[in-house]
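A.B. asks: Handing you this structure, nothing more for now.
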Amino acid sequence: MMHSVSVVATILLLITALTRSEAFVSIGAKAFVGATSLSMADTMATTVTPEVKVGDKIPSIDLSEGQPDYESPVTVNIAELCAGKKVAIFAVPGAFTPGCSMSHLPSFIDGQDELKAKGVELTICIATNDPYVMEAWASSSGGKDAGIRFLSDASGDLTKALGLGLEKEGALTLRTKRFSLVADDGVVTHYFPSDEDKSNTYAPSVVAAL
């Protein structure tokens with residue numbers, strides 16, 4: 001009789017343990033599902049910055065400008081630089097790359113007189129290369145001598161704020177999608193994307209639109 005009672009007690013203990021275990025698993029599963037749902041909701045709520053358009057303001061973001069003789073780069077706020085003047089800005093995916101060095105940049109070097117005749121007071125070249133590379137490109141290309149400012153967006157902050165990030169396979173950093181724009185006192189008046197034809201971003205297209 002004592003043996004039977006012991007067996008029954010053991011069975012009851014096992015049932016109790018299993019019940020608690022199932023409850024624990026159920027709670028854990030619900031917590032996992034809840035956390036996963038929250039994570040998915042957070043991901044879905046993340047918005048992508050829309051691409052820049054006419055009427056937008058140039059964002060207040062600090063860029064870097066390389067200096068001669070490897071001096072420390074200086075900080076340049078792009079919004080402050082554009083304030084009170086008519087500015088042409090063009091961006092390239094990378095300094096020293098073939099298309100940028102052979103076509104895009106030379107078009108703005110050659111087009112400086114025409115741009116100035118249209119009221120453009122300053123031309124700015126932007127890329128996500130570091131400021132030392134940008135300075136080397138500015139000096140070796142003749143762009144600096146032509147009066148073009150070469151600014152580094154190494155952090156990609158301006159590129160992302162304009163909605164123009166370009167993920168290229170094999171690239172270690174975010175690249176800037178090729179574009180040009182004109183801003184008057186910090187407000188975009190003309191925008192030239194490269195979606196259909198990259199030559200749309202070259203200086204002759206900009207001059208023709210002004």
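By convention in this document, the chains of the structure tokens carry letters A, B, ... by their order, each chain's residues are numbered from 1, and ligands are numbered from 1 in the order they are shown.
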Could you pull out the residues in region 167-209 of chain A that DSSP calls strand (DSSP E) from the backbone, as a ChimeraX atom specification?

C.D. replies: /A:175-176,179-184,187-193

A.B. asks: Fewer than 3 positions away in the same chain doesn't count, so skip those; otherwise give me all residues within 9 Å of Tyr70 (chain A), counting only C-alpha atoms, as an MDAnalysis selection string.

C.D. replies: chainID A and resid 66:67 73 132 135

A.B. asks: So which residues touch Lys57 (chain A) within 7 Å, counting only C-alpha atoms, skipping near sequence neighbours fewer than 6 positions away, as a ChimeraX atom specification?

C.D. replies: /A:186-188

A.B. asks: Val182 (chain A): which residues within 12 Å, counting only C-alpha atoms, same-chain residues fewer than 6 positions away excluded, as a PyMOL selection string?

C.D. replies: chain A and resi 52-58+82+85-91+115+118-124+188-193+201+203+205-207+209-210

A.B. asks: I need the residues in region 57-152 of chain A that are alpha helix (DSSP H) according to DSSP; give them as a ChimeraX atom specification.

C.D. replies: /A:78-82,98-99,105-110,112-117,131-141

A.B. asks: Write out as a ChimeraX atom specification the residues lying within 8 Å of Asp130 (chain A), counting only C-alpha atoms and excluding same-chain residues fewer than 6 positions away.

C.D. replies: /A:152-154
